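Asks: File model-v7.cif below, mmCIF, C-alpha atoms:
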```cif
data_target
#
loop_
_atom_site.label_atom_id
_atom_site.label_comp_id
_atom_site.auth_asym_id
_atom_site.auth_seq_id
_atom_site.Cartn_x
_atom_site.Cartn_y
_atom_site.Cartn_z
CA ARG K 5 -10.50 -106.09 61.26
CA ASP K 6 -8.98 -104.92 57.98
CA GLY K 7 -8.01 -108.50 57.14
CA VAL K 8 -11.55 -109.72 57.79
CA LEU K 9 -13.08 -107.10 55.51
CA ARG K 10 -10.42 -107.63 52.87
CA THR K 11 -11.09 -111.39 52.84
CA LYS K 12 -14.82 -110.77 52.57
CA GLN K 13 -14.26 -108.74 49.41
CA LEU K 14 -11.96 -111.42 48.04
CA LEU K 15 -14.55 -114.17 48.56
CA ARG K 16 -17.23 -111.95 47.12
CA THR K 17 -15.39 -111.92 43.79
CA SER K 18 -15.64 -115.73 43.86
CA GLY K 19 -19.39 -115.61 44.38
CA LEU K 20 -19.33 -116.51 48.08
CA LYS K 21 -21.40 -114.59 50.60
CA ALA K 22 -19.76 -114.04 53.97
CA SER K 23 -20.71 -113.01 57.48
CA VAL K 24 -18.03 -111.16 59.43
CA ILE K 25 -17.22 -111.13 63.13
CA TYR K 26 -14.60 -109.02 64.88
CA GLY K 27 -14.28 -107.28 68.22
CA GLY K 28 -15.09 -103.78 66.97
CA LEU K 29 -18.60 -104.73 65.89
CA SER K 30 -21.39 -104.16 68.36
CA PRO K 31 -23.03 -107.24 69.93
CA GLU K 32 -26.21 -106.48 67.97
CA VAL K 33 -24.42 -106.39 64.61
CA ARG K 34 -22.47 -109.53 65.48
CA ARG K 35 -25.72 -111.32 66.30
CA ALA K 36 -27.21 -110.20 62.99
CA GLU K 37 -24.15 -111.46 61.10
CA THR K 38 -24.15 -114.85 62.84
CA GLU K 39 -27.88 -115.22 62.27
CA LYS K 40 -27.37 -114.77 58.52
CA PHE K 41 -24.93 -117.67 58.55
CA ARG K 42 -27.16 -119.80 60.74
CA LEU K 43 -30.08 -119.29 58.35
CA GLY K 44 -27.97 -120.09 55.30
CA GLU K 45 -28.04 -116.55 53.90
CA THR K 46 -24.22 -116.53 53.86
CA ASP K 47 -21.81 -119.31 52.93
CA VAL K 48 -18.88 -118.67 55.27
CA VAL K 49 -17.93 -116.75 58.40
CA ILE K 50 -14.79 -114.62 58.35
CA ALA K 51 -13.62 -113.68 61.82
CA THR K 52 -10.82 -112.58 64.08
CA ASP K 53 -10.09 -114.58 67.23
CA ALA K 54 -13.34 -113.09 68.55
CA ILE K 55 -15.05 -116.16 67.09
CA GLY K 56 -13.52 -118.25 69.86
CA MET K 57 -15.48 -116.42 72.54
CA GLY K 58 -18.66 -118.41 73.00
CA LEU K 59 -20.06 -118.44 69.47
CA ASN K 60 -21.79 -121.72 68.64
CA LEU K 61 -22.49 -121.94 64.92
CA PRO K 62 -23.04 -124.84 62.51
CA ILE K 63 -19.44 -124.74 61.27
CA ARG K 64 -17.89 -127.75 59.51
CA ARG K 65 -14.38 -126.41 59.03
CA ILE K 66 -12.12 -123.75 60.50
CA ILE K 67 -9.32 -122.43 58.28
CA PHE K 68 -6.63 -120.33 59.95
CA LEU K 69 -5.47 -117.63 57.54
CA GLU K 70 -2.71 -116.96 60.06
CA THR K 71 -1.57 -118.45 63.36
CA GLN K 72 -0.17 -115.25 64.84
CA LYS K 73 -1.72 -112.06 66.16
CA TYR K 74 -0.68 -108.59 67.22
CA ASN K 75 -1.04 -108.28 71.00
CA GLY K 76 -0.74 -104.50 71.13
CA GLU K 77 3.04 -104.51 71.29
CA GLU K 78 4.30 -107.22 68.95
CA VAL K 79 3.23 -110.10 66.73
CA VAL K 80 3.08 -113.35 68.73
CA ASP K 81 1.95 -116.92 68.10
CA LEU K 82 -1.57 -117.84 69.09
CA SER K 83 -1.54 -119.49 72.50
CA HIS K 84 -2.54 -123.09 73.09
CA SER K 85 -5.88 -122.02 74.55
CA GLN K 86 -6.57 -119.63 71.64
CA PHE K 87 -5.95 -122.42 69.12
CA LEU K 88 -8.32 -124.71 70.99
CA GLN K 89 -11.01 -122.06 71.44
CA ILE K 90 -11.01 -121.14 67.75
CA ALA K 91 -10.59 -124.64 66.32
CA GLY K 92 -13.28 -125.82 68.73
CA ARG K 93 -15.89 -123.88 66.75
CA ALA K 94 -15.62 -126.59 64.07
CA GLY K 95 -17.82 -129.59 64.68
CA ARG K 96 -20.66 -127.59 66.19
CA TYR K 97 -22.34 -128.51 62.90
CA ALA K 98 -22.96 -131.92 64.47
CA LEU K 99 -25.51 -130.25 66.72
CA SER K 100 -27.23 -128.25 63.99
CA ASN K 101 -30.95 -127.89 64.70
CA GLY K 102 -30.51 -130.14 67.72
CA VAL K 103 -29.69 -133.18 65.54
CA VAL K 104 -26.43 -135.08 66.04
CA THR K 105 -25.07 -135.79 62.56
CA GLY K 106 -21.91 -137.60 63.59
CA GLU K 107 -19.72 -135.31 61.50
CA THR K 108 -16.30 -134.36 62.83
CA GLY K 109 -15.14 -130.77 62.67
CA LEU K 110 -11.99 -130.00 60.71
CA ALA K 111 -9.26 -127.42 61.25
CA ALA K 112 -6.76 -126.36 58.59
CA VAL K 113 -4.18 -123.68 57.74
CA ILE K 114 -3.18 -122.04 54.47
CA GLY K 115 0.56 -121.89 55.19
CA GLN K 116 2.45 -125.19 55.37
CA GLY K 117 4.72 -123.69 58.02
CA ASP K 118 1.69 -123.01 60.23
CA LEU K 119 0.63 -126.66 60.30
CA PRO K 120 3.00 -127.82 63.10
CA TYR K 121 1.68 -125.07 65.38
CA LEU K 122 -1.90 -126.20 64.83
CA GLN K 123 -1.03 -129.89 65.20
CA ARG K 124 0.80 -129.31 68.49
CA ALA K 125 -2.10 -127.31 69.88
CA LEU K 126 -4.71 -129.93 68.96
CA SER K 127 -2.66 -132.94 70.08
CA LYS K 128 -2.63 -132.09 73.78
CA ASP K 129 -5.24 -131.23 76.36
CA MET K 130 -5.68 -127.79 77.80
CA ASP K 131 -3.15 -127.16 80.54
CA SER K 132 -4.55 -126.35 83.97
CA LEU K 133 -4.06 -122.72 84.86
CA PRO K 134 -1.43 -122.08 87.54
CA LEU K 135 -2.51 -119.96 90.49
CA SER K 136 0.05 -117.34 89.46
CA SER K 137 -1.97 -116.69 86.29
CA LEU K 138 -4.92 -115.35 88.28
CA VAL K 139 -5.42 -111.64 87.84
CA ALA K 140 -7.07 -109.18 90.20
CA GLU K 141 -8.34 -105.85 88.90
CA PRO K 142 -9.16 -102.98 91.26
CA LEU K 143 -12.64 -102.42 92.63
CA MET K 144 -13.95 -99.23 94.20
CA LEU K 145 -13.33 -100.85 97.59
CA HIS K 146 -9.61 -101.15 96.82
CA ILE K 147 -9.50 -97.56 95.59
CA ASN K 148 -11.10 -96.24 98.79
CA VAL K 149 -8.86 -98.26 101.11
CA LEU K 150 -5.68 -97.19 99.32
CA SER K 151 -6.85 -93.58 99.20
CA GLU K 152 -7.22 -93.53 102.99
CA GLU K 153 -3.89 -95.27 103.49
CA LEU K 154 -1.97 -92.99 101.11
CA LYS K 155 -3.88 -89.85 102.13
CA THR K 156 -4.45 -88.92 98.49
CA ASP K 157 -7.24 -88.83 95.93
CA ASP K 158 -4.84 -88.89 92.97
CA LEU K 159 -6.11 -91.86 90.97
CA VAL K 160 -2.77 -92.47 89.22
CA ASP K 161 -0.93 -92.82 92.55
CA ILE K 162 -3.65 -95.11 93.89
CA LEU K 163 -3.55 -97.39 90.84
CA ASP K 164 0.24 -97.58 91.06
CA ALA K 165 -0.05 -98.59 94.71
CA PHE K 166 -2.60 -101.26 93.84
CA THR K 167 -0.21 -102.78 91.30
CA TYR K 168 2.80 -102.97 93.57
CA ARG K 169 1.22 -103.77 96.92
CA SER K 170 -0.02 -107.32 97.07
CA SER K 171 -0.87 -109.34 100.15
CA ASP K 172 -0.85 -112.53 98.07
CA ASP K 173 2.07 -112.99 95.68
CA SER K 174 0.27 -115.82 93.87
CA ILE K 175 -2.31 -113.39 92.47
CA ARG K 176 -1.08 -110.78 90.04
CA ARG K 177 -2.48 -107.29 90.45
CA TYR K 178 -3.37 -105.85 87.08
CA ILE K 179 -4.22 -102.41 85.78
CA SER K 180 -5.33 -102.39 82.15
CA PRO K 181 -3.44 -99.98 79.88
CA SER K 182 -6.72 -98.25 79.02
CA LEU K 183 -7.49 -97.59 82.70
CA SER K 184 -3.97 -96.30 83.37
CA GLU K 185 -4.12 -94.05 80.32
CA ALA K 186 -7.55 -92.70 81.23
CA ALA K 187 -6.54 -92.02 84.84
CA ALA K 188 -3.42 -90.14 83.72
CA CYS K 189 -5.41 -88.12 81.18
CA LEU K 190 -8.02 -87.28 83.80
CA GLU K 191 -5.56 -86.15 86.47
CA ASP K 192 -3.56 -84.11 83.95
CA TYR K 193 -6.67 -82.32 82.71
CA LEU K 194 -7.89 -81.64 86.24
CA LEU K 195 -4.52 -80.05 86.93
CA GLU K 196 -4.97 -77.84 83.85
CA LEU K 197 -8.42 -76.77 85.04
CA ARG K 198 -7.08 -76.09 88.53
CA GLU K 199 -4.34 -73.88 87.10
CA GLU K 200 -6.98 -72.04 85.03
CA ASP K 201 -9.00 -71.59 88.23
CA ALA K 202 -11.89 -73.34 86.48
CA LEU K 203 -12.35 -76.20 88.94
CA GLU K 204 -15.69 -75.38 90.56
CA TYR K 205 -16.57 -78.90 91.71
CA PRO K 206 -13.61 -81.07 92.76
CA MET K 207 -14.33 -84.55 91.44
CA THR K 208 -14.88 -87.34 93.93
CA LEU K 209 -12.74 -90.44 93.78
CA HIS K 210 -15.78 -92.43 92.72
CA GLN K 211 -16.40 -90.08 89.79
CA LYS K 212 -12.75 -90.29 88.72
CA PHE K 213 -12.70 -94.08 88.83
CA PHE K 214 -16.04 -94.35 87.06
CA LEU K 215 -15.02 -92.03 84.21
CA SER K 216 -11.66 -93.75 83.81
CA ARG K 217 -13.40 -97.09 83.29
CA LEU K 218 -15.66 -95.88 80.48
CA PRO K 219 -15.22 -97.97 77.29
CA LEU K 220 -13.39 -95.31 75.28
CA ARG K 221 -10.40 -95.45 72.93
CA LEU K 222 -8.37 -92.44 73.96
CA ASN K 223 -5.95 -92.91 71.07
CA GLU K 224 -8.82 -91.79 68.81
CA ASP K 225 -9.29 -88.01 68.65
CA SER K 226 -13.09 -88.10 68.92
CA HIS K 227 -12.98 -90.31 72.03
CA TYR K 228 -10.20 -88.24 73.61
CA GLU K 229 -12.10 -84.98 73.16
CA PHE K 230 -15.32 -86.57 74.42
CA PHE K 231 -13.51 -87.78 77.55
CA ARG K 232 -12.09 -84.33 78.24
CA SER K 233 -15.50 -82.73 77.75
CA LEU K 234 -16.95 -85.13 80.33
CA ILE K 235 -14.22 -84.26 82.83
CA ARG K 236 -14.77 -80.55 82.22
CA SER K 237 -18.52 -80.90 82.72
CA PHE K 238 -18.07 -82.70 86.05
CA ALA K 239 -15.41 -80.22 87.19
CA ILE K 240 -17.30 -77.06 86.24
CA ARG K 241 -20.96 -78.07 86.70
CA GLY K 242 -20.74 -81.11 88.94
CA THR K 243 -22.64 -83.31 86.49
CA HIS K 244 -22.25 -85.03 83.13
CA LEU K 245 -23.08 -83.68 79.67
CA ARG K 246 -26.63 -83.48 78.40
CA PRO K 247 -27.39 -85.58 75.28
CA GLU K 248 -27.49 -82.57 72.95
CA GLU K 249 -24.07 -81.50 74.25
CA ALA K 250 -22.57 -84.97 74.11
CA PHE K 251 -23.58 -85.65 70.53
CA GLN K 252 -23.65 -82.20 68.93
CA HIS K 253 -20.36 -82.75 67.08
CA LEU K 254 -21.64 -86.06 65.71
CA ASP K 255 -24.54 -84.54 63.78
CA HIS K 256 -22.17 -83.53 61.00
CA VAL K 257 -20.24 -86.81 60.82
CA GLU K 258 -20.64 -88.73 57.57
CA ARG K 259 -20.95 -92.39 58.45
CA VAL K 260 -19.41 -93.56 55.21
CA ASP K 261 -17.30 -96.37 56.62
CA LEU K 262 -17.40 -98.94 59.37
CA LYS K 263 -14.66 -97.36 61.44
CA ALA K 264 -16.61 -94.09 61.71
CA CYS K 265 -19.69 -96.02 62.83
CA GLU K 266 -17.71 -98.06 65.34
CA LEU K 267 -16.04 -95.00 66.86
CA GLU K 268 -19.32 -93.13 67.12
CA ARG K 269 -21.04 -96.13 68.66
CA GLY K 270 -18.25 -96.30 71.23
CA LEU K 271 -19.06 -92.74 72.28
CA VAL K 272 -22.76 -93.51 72.47
CA THR K 273 -22.13 -96.64 74.55
CA ALA K 274 -19.89 -94.70 76.93
CA TYR K 275 -22.59 -92.07 77.35
CA LEU K 276 -25.14 -94.79 78.05
CA HIS K 277 -23.10 -95.68 81.15
CA LEU K 278 -23.70 -92.14 82.38
CA SER K 279 -27.38 -91.83 81.47
CA LEU K 280 -29.46 -91.25 84.57
CA THR K 281 -32.89 -90.35 83.19
CA GLU K 282 -35.27 -92.24 80.92
CA GLU K 283 -35.03 -89.42 78.38
CA GLU K 284 -31.24 -89.70 78.24
CA ARG K 285 -31.37 -93.48 77.92
CA ALA K 286 -34.03 -93.37 75.20
CA HIS K 287 -32.05 -90.82 73.20
CA THR K 288 -28.85 -92.84 73.53
CA ILE K 289 -30.39 -96.22 72.70
CA SER K 290 -32.12 -94.75 69.64
CA HIS K 291 -28.82 -93.28 68.45
CA ARG K 292 -27.06 -96.61 68.97
CA LEU K 293 -29.72 -98.51 67.04
CA GLU K 294 -29.31 -96.11 64.12
CA LEU K 295 -25.56 -96.76 64.10
CA ASP K 296 -26.05 -100.54 64.24
CA ASN K 297 -28.37 -100.37 61.23
CA ARG K 298 -25.85 -98.26 59.35
CA SER K 299 -23.02 -100.70 60.16
CA GLU K 300 -25.11 -103.65 59.00
CA ALA K 301 -25.94 -101.82 55.76
CA LEU K 302 -22.25 -101.12 55.09
CA LEU K 303 -21.37 -104.77 55.70
CA SER K 304 -24.15 -105.93 53.38
CA GLN K 305 -22.83 -103.60 50.68
CA GLY K 306 -19.38 -105.12 51.04
CA LYS K 307 -17.84 -101.86 52.20
CA GLY K 308 -15.28 -101.41 54.92
CA ALA K 309 -11.89 -102.50 53.62
CA LYS K 310 -9.40 -99.73 52.98
CA GLU K 311 -9.32 -98.46 49.42
CA SER K 312 -5.54 -98.92 49.43
CA ASP K 313 -5.77 -102.56 50.52
CA LYS K 314 -4.64 -105.18 48.06
CA ILE K 315 -7.51 -107.67 47.71
CA ALA K 316 -5.65 -110.99 47.66
CA TRP K 317 -4.93 -113.98 49.84
CA PRO K 318 -2.26 -113.61 52.54
CA THR K 319 1.33 -113.99 51.35
CA ILE K 320 3.23 -117.11 52.46
CA CYS K 321 6.79 -116.53 53.68
CA GLU K 322 9.32 -118.19 51.35
CA ARG K 323 11.59 -119.16 54.25
CA CYS K 324 9.37 -120.48 57.07
CA HIS K 325 6.26 -121.02 54.91
CA ARG K 326 3.99 -119.38 57.46
CA SER K 327 1.18 -117.07 56.47
CA MET K 328 1.90 -113.35 56.87
CA GLY K 329 -1.78 -112.72 57.53
CA LYS K 330 -2.18 -110.28 54.65
CA PRO K 331 -1.02 -109.79 51.07
CA ALA K 332 2.50 -108.37 51.04
CA ASN K 333 4.96 -107.09 48.46
CA PHE K 334 7.91 -108.79 50.16
CA LYS K 335 8.81 -112.48 50.27
CA LEU K 336 9.90 -112.93 53.90
CA CYS K 337 7.89 -112.47 57.07
CA ARG K 338 9.21 -110.05 59.67
CA PRO K 339 10.95 -112.64 61.92
CA CYS K 340 12.63 -114.34 58.95
CA PHE K 341 13.72 -111.00 57.51
CA ALA K 342 15.19 -109.98 60.87
CA GLU K 343 17.02 -113.31 61.15
CA THR K 344 18.43 -112.90 57.64
CA ARG K 345 19.64 -109.40 58.49
CA ARG K 346 21.34 -110.67 61.67
CA LYS K 347 23.16 -113.38 59.73
CA ASP K 348 24.27 -110.90 57.07
CA ARG K 349 25.65 -108.55 59.72
CA SER K 350 27.52 -111.33 61.53
CA GLN K 351 29.09 -112.48 58.26
CA ASN K 352 30.15 -108.93 57.40
CA ASP K 353 31.67 -108.49 60.86
#
```
Could the structure of this file be written out as structure tokens, please?
Replies:
Amino acid sequence: RDGVLRTKQLLRTSGLKASVIYGGLSPEVRRAETEKFRLGETDVVIATDAIGMGLNLPIRRIIFLETQKYNGEEVVDLSHSQFLQIAGRAGRYALSNGVVTGETGLAAVIGQGDLPYLQRALSKDMDSLPLSSLVAEPLMLHINVLSEELKTDDLVDILDAFTYRSSDDSIRRYISPSLSEAAACLEDYLLELREEDALEYPMTLHQKFFLSRLPLRLNEDSHYEFFRSLIRSFAIRGTHLRPEEAFQHLDHVERVDLKACELERGLVTAYLHLSLTEEERAHTISHRLELDNRSEALLSQGKGAKESDKIAWPTICERCHRSMGKPANFKLCRPCFAETRRKDRSQND
């Protein structure tokens, strides 16, 4: 996200207008950004790997500013399928306005060391997926069956059982980190309320599972507090928050940057999952539209990149010649630096 916005500012200084696409943007804002490019109002599209997910645009050329990504734990190379999905956006120009132009799409990199990775990915067909790669996520049916078998309504215990009990070893049972985190947060808070003797309405297993699957980022304070307020409302009143309660703390938020808008929209979207009445839905949808308009305005104004960000092209590692993905003050990428340190230690030993 930061790299996308930083690159947009960099191109802006060269007189190029850019549309941006990344996962944190709402579908509505993403559509507005892609439409600008489609209509010729912008010259280029700057995107994360989100561009590889079903976007068909009249793109002549894809340039990889980096061929690695952070997967939540470490920086890894793009997979074969990710290379193909992203590079495959190029050449859609041949179908612009329904007319086949005969032009071939091009894919390029900015770091010479990244070129072999791209060439290898484009030189072979997509591998067929092995059966062992199939993933099964829990449904409410699984939750109910395991609850009866284990004689518990503790969602954390049930999810653990789902992961480790499999009738078919070829299919991997999977619990997303966000679901595990939400379930643990929920059960811990219910325990707090029980100890405070504030648990008036014990939550049903369906309510627990539903709340734990809300699209919230619990590592963000605003989302974490919102989640706890929902749990408290269900536990004390037996129902969810009213709109004025859910959004009262947002009335004073200054939406001065994209991250603030994205976080607030996440809360509004989560509440929309809970909305039962037309009044609640109308209030929520109106709020979300306001945030989308604000996000689009900030993007149009070229705002969003961190003030501390260095507006420059990504640094190329002097050793492996791969792009570091962002401008850096050091000459070696992290893997090369680590390898150099290991060699230095072995020589000293």
Asks: Quick check, in Å to one decimal: how far apart do CA of Asp261 in chain K and CA of Leu302 in chain K lie?
Replies: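 Those two atoms sit 7.0 Å apart.
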Asks: Given the point (-3.1, -126.3, 63.6) in the coordinates of this file, which residues lie within 9 Å, counting all atoms listed in the file, and how would they look as a ChimeraX atom specification?
Replies: /K:68,71,87,91,111-113,118-126
Asks: Limited to C-alpha atoms, could you put the picked residues into a file as a PDB file, in the frame of the given file?
Replies:
```pdb
ATOM      1  CA  PHE K  68      -6.630-120.330  59.950  1.00  0.00           C
ATOM      2  CA  THR K  71      -1.570-118.450  63.360  1.00  0.00           C
ATOM      3  CA  PHE K  87      -5.950-122.420  69.120  1.00  0.00           C
ATOM      4  CA  ALA K  91     -10.590-124.640  66.320  1.00  0.00           C
ATOM      5  CA  ALA K 111      -9.260-127.420  61.250  1.00  0.00           C
ATOM      6  CA  ALA K 112      -6.760-126.360  58.590  1.00  0.00           C
ATOM      7  CA  VAL K 113      -4.180-123.680  57.740  1.00  0.00           C
ATOM      8  CA  ASP K 118       1.690-123.010  60.230  1.00  0.00           C
ATOM      9  CA  LEU K 119       0.630-126.660  60.300  1.00  0.00           C
ATOM     10  CA  PRO K 120       3.000-127.820  63.100  1.00  0.00           C
ATOM     11  CA  TYR K 121       1.680-125.070  65.380  1.00  0.00           C
ATOM     12  CA  LEU K 122      -1.900-126.200  64.830  1.00  0.00           C
ATOM     13  CA  GLN K 123      -1.030-129.890  65.200  1.00  0.00           C
ATOM     14  CA  ARG K 124       0.800-129.310  68.490  1.00  0.00           C
ATOM     15  CA  ALA K 125      -2.100-127.310  69.880  1.00  0.00           C
ATOM     16  CA  LEU K 126      -4.710-129.930  68.960  1.00  0.00           C
TER      17      LEU K 126
END
```
Asks: Using all atoms listed in the file, which residues sit within 12 Å of Ala187 in chain K once same-chain residues fewer than 2 positions away are excluded, as JSON, numbers by chain?
Replies: {"K": [157, 158, 159, 160, 161, 162, 163, 164, 179, 180, 181, 182, 183, 184, 185, 189, 190, 191, 192, 193, 194, 209, 211, 212, 213, 214, 215, 216, 217, 218, 222, 231, 232, 235]}
Asks: Give me the result of the PyMOL selection byres ((chain K and resi 34) around 12) on this file, residue by residue, as a ChimeraX atom specification.
Replies: /K:23-33,35-41,49-51,54-55,59,296-297,299-300,303
Asks: Just give me the gap between CA of Val48 in chain K and CA of Ser304 in chain K in Å, one decimal is fine.
Replies: 13.9 Å
Asks: Assuming the chain letters and numbering stay as they are in my file, what does the PyMOL selection byres ((chain K and resi 276) around 12) actually select? List them as a short mmCIF file (atom, residue, chain, number, x, y, z; two decimals) with C-alpha atoms, in the coordinates of the input.
Replies:
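Output file expr.cif follows:
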```cif
data_model
loop_
_atom_site.label_atom_id
_atom_site.label_comp_id
_atom_site.auth_asym_id
_atom_site.auth_seq_id
_atom_site.Cartn_x
_atom_site.Cartn_y
_atom_site.Cartn_z
CA LEU K 218 -15.66 -95.88 80.48
CA PRO K 219 -15.22 -97.97 77.29
CA HIS K 244 -22.25 -85.03 83.13
CA LEU K 245 -23.08 -83.68 79.67
CA ARG K 246 -26.63 -83.48 78.40
CA PRO K 247 -27.39 -85.58 75.28
CA ALA K 250 -22.57 -84.97 74.11
CA PHE K 251 -23.58 -85.65 70.53
CA ARG K 269 -21.04 -96.13 68.66
CA GLY K 270 -18.25 -96.30 71.23
CA LEU K 271 -19.06 -92.74 72.28
CA VAL K 272 -22.76 -93.51 72.47
CA THR K 273 -22.13 -96.64 74.55
CA ALA K 274 -19.89 -94.70 76.93
CA TYR K 275 -22.59 -92.07 77.35
CA HIS K 277 -23.10 -95.68 81.15
CA LEU K 278 -23.70 -92.14 82.38
CA SER K 279 -27.38 -91.83 81.47
CA LEU K 280 -29.46 -91.25 84.57
CA THR K 281 -32.89 -90.35 83.19
CA GLU K 282 -35.27 -92.24 80.92
CA GLU K 283 -35.03 -89.42 78.38
CA GLU K 284 -31.24 -89.70 78.24
CA ARG K 285 -31.37 -93.48 77.92
CA ALA K 286 -34.03 -93.37 75.20
CA HIS K 287 -32.05 -90.82 73.20
CA THR K 288 -28.85 -92.84 73.53
CA ILE K 289 -30.39 -96.22 72.70
CA SER K 290 -32.12 -94.75 69.64
CA HIS K 291 -28.82 -93.28 68.45
CA ARG K 292 -27.06 -96.61 68.97
#
```
Asks: My list of candidates is K:Tyr205, K:Phe230, K:Trp317, K:Tyr74. Which is closest to Arg10 in chain K when distances are computed with all atoms listed in the file?
Replies: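 Ranking K:Tyr205, K:Phe230, K:Trp317, K:Tyr74 by distance to Arg10 in chain K, first place goes to K:Trp317.
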Asks: Hey, what comes out of the PyMOL selection byres ((chain K and resi 16) around 12) on this file? Could you write it as a list in words?
Replies: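 The output of the PyMOL selection byres ((chain K and resi 16) around 12) on this file is Leu9, Arg10, Thr11, Lys12, Gln13, Leu14, Leu15, Thr17, Ser18, Gly19, Leu20, Lys21, Ala22, Ser23, Thr46, Asp47, Val48, Ile50, Leu303, Ser304, Gln305, Gly306, Lys307, Ile315 and Ala316 of chain K.
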Asks: With C-alpha atoms kept, could you save the residues just selected as a PDB file, in the coordinates of the input?
Replies:
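This went into out-v9.pdb:
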```
ATOM      1  CA  LEU K   9     -13.080-107.100  55.510  1.00  0.00           C
ATOM      2  CA  ARG K  10     -10.420-107.630  52.870  1.00  0.00           C
ATOM      3  CA  THR K  11     -11.090-111.390  52.840  1.00  0.00           C
ATOM      4  CA  LYS K  12     -14.820-110.770  52.570  1.00  0.00           C
ATOM      5  CA  GLN K  13     -14.260-108.740  49.410  1.00  0.00           C
ATOM      6  CA  LEU K  14     -11.960-111.420  48.040  1.00  0.00           C
ATOM      7  CA  LEU K  15     -14.550-114.170  48.560  1.00  0.00           C
ATOM      8  CA  THR K  17     -15.390-111.920  43.790  1.00  0.00           C
ATOM      9  CA  SER K  18     -15.640-115.730  43.860  1.00  0.00           C
ATOM     10  CA  GLY K  19     -19.390-115.610  44.380  1.00  0.00           C
ATOM     11  CA  LEU K  20     -19.330-116.510  48.080  1.00  0.00           C
ATOM     12  CA  LYS K  21     -21.400-114.590  50.600  1.00  0.00           C
ATOM     13  CA  ALA K  22     -19.760-114.040  53.970  1.00  0.00           C
ATOM     14  CA  SER K  23     -20.710-113.010  57.480  1.00  0.00           C
ATOM     15  CA  THR K  46     -24.220-116.530  53.860  1.00  0.00           C
ATOM     16  CA  ASP K  47     -21.810-119.310  52.930  1.00  0.00           C
ATOM     17  CA  VAL K  48     -18.880-118.670  55.270  1.00  0.00           C
ATOM     18  CA  ILE K  50     -14.790-114.620  58.350  1.00  0.00           C
ATOM     19  CA  LEU K 303     -21.370-104.770  55.700  1.00  0.00           C
ATOM     20  CA  SER K 304     -24.150-105.930  53.380  1.00  0.00           C
ATOM     21  CA  GLN K 305     -22.830-103.600  50.680  1.00  0.00           C
ATOM     22  CA  GLY K 306     -19.380-105.120  51.040  1.00  0.00           C
ATOM     23  CA  LYS K 307     -17.840-101.860  52.200  1.00  0.00           C
ATOM     24  CA  ILE K 315      -7.510-107.670  47.710  1.00  0.00           C
ATOM     25  CA  ALA K 316      -5.650-110.990  47.660  1.00  0.00           C
TER      26      ALA K 316
END
```
Asks: May I ask for the distance between CA of Ser151 in chain K and CA of Pro206 in chain K, given in Å to one decimal place?
Replies: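 Between these atoms lies a distance of 15.6 Å.
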Asks: I'd like the contact shell of Leu110 in chain K - 10 Å cut-off, only C-alpha atoms, skipping same-chain residues fewer than 6 positions apart - returned as an MDAnalysis selection string.
Replies: chainID K and resid 63:67 91:95
Asks: Just to be explicit: take each residue in the selection above, keep C-alpha atoms, and write the result as a PDB file, in the frame of the given file.
Replies:
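So result-v3.pdb came out as:
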```pdb
ATOM      1  CA  ILE K  63     -19.440-124.740  61.270  1.00  0.00           C
ATOM      2  CA  ARG K  64     -17.890-127.750  59.510  1.00  0.00           C
ATOM      3  CA  ARG K  65     -14.380-126.410  59.030  1.00  0.00           C
ATOM      4  CA  ILE K  66     -12.120-123.750  60.500  1.00  0.00           C
ATOM      5  CA  ILE K  67      -9.320-122.430  58.280  1.00  0.00           C
ATOM      6  CA  ALA K  91     -10.590-124.640  66.320  1.00  0.00           C
ATOM      7  CA  GLY K  92     -13.280-125.820  68.730  1.00  0.00           C
ATOM      8  CA  ARG K  93     -15.890-123.880  66.750  1.00  0.00           C
ATOM      9  CA  ALA K  94     -15.620-126.590  64.070  1.00  0.00           C
ATOM     10  CA  GLY K  95     -17.820-129.590  64.680  1.00  0.00           C
TER      11      GLY K  95
END
```
Asks: Extract, using all atoms listed in the file, all DNA, RNA and protein residues at most 9 Å from Met57 in chain K, discarding same-chain residues fewer than 4 positions from it, and format them as a list in words.
Replies: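 In the requested format, the answer is Asp53, Gln89 and Ile90 of chain K.
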Asks: Looking at K:Met328, K:Glu294, K:Ala342, K:Lys335, which one is nearest to Lys73 in chain K, with distances taken over only C-alpha atoms?
Replies: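 Of the candidates, the smallest distance to Lys73 in chain K is held by K:Met328.
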Asks: Would you place a box with edges along x, y and z of the file around all atoms of range 109-120 of chain K listed there, add 6 Å to each of its six sides, and report the centre and edge lengths in Å to one decimal, as JSON?
Replies:
```
{"center_x": -5.2, "center_y": -126.3, "center_z": 58.8, "size_x": 31.9, "size_y": 20.9, "size_z": 20.6}
```
Asks: Could I see range 109-113 of chain K restored to N, CA and C atoms, set down as a PDB file, in the frame of the given file?
Replies:
```
ATOM      1  N   GLY K 109     -15.614-132.068  63.135  1.00  0.00           N
ATOM      2  CA  GLY K 109     -15.140-130.770  62.670  1.00  0.00           C
ATOM      3  C   GLY K 109     -13.694-130.856  62.209  1.00  0.00           C
ATOM      4  N   LEU K 110     -13.343-130.012  61.266  1.00  0.00           N
ATOM      5  CA  LEU K 110     -11.990-130.000  60.710  1.00  0.00           C
ATOM      6  C   LEU K 110     -11.342-128.647  60.940  1.00  0.00           C
ATOM      7  N   ALA K 111     -10.029-128.653  61.118  1.00  0.00           N
ATOM      8  CA  ALA K 111      -9.260-127.420  61.250  1.00  0.00           C
ATOM      9  C   ALA K 111      -8.089-127.485  60.285  1.00  0.00           C
ATOM     10  N   ALA K 112      -7.822-126.377  59.597  1.00  0.00           N
ATOM     11  CA  ALA K 112      -6.760-126.360  58.590  1.00  0.00           C
ATOM     12  C   ALA K 112      -6.062-125.007  58.602  1.00  0.00           C
ATOM     13  N   VAL K 113      -4.940-124.933  57.893  1.00  0.00           N
ATOM     14  CA  VAL K 113      -4.180-123.680  57.740  1.00  0.00           C
ATOM     15  C   VAL K 113      -3.908-123.483  56.259  1.00  0.00           C
TER      16      VAL K 113
END
```
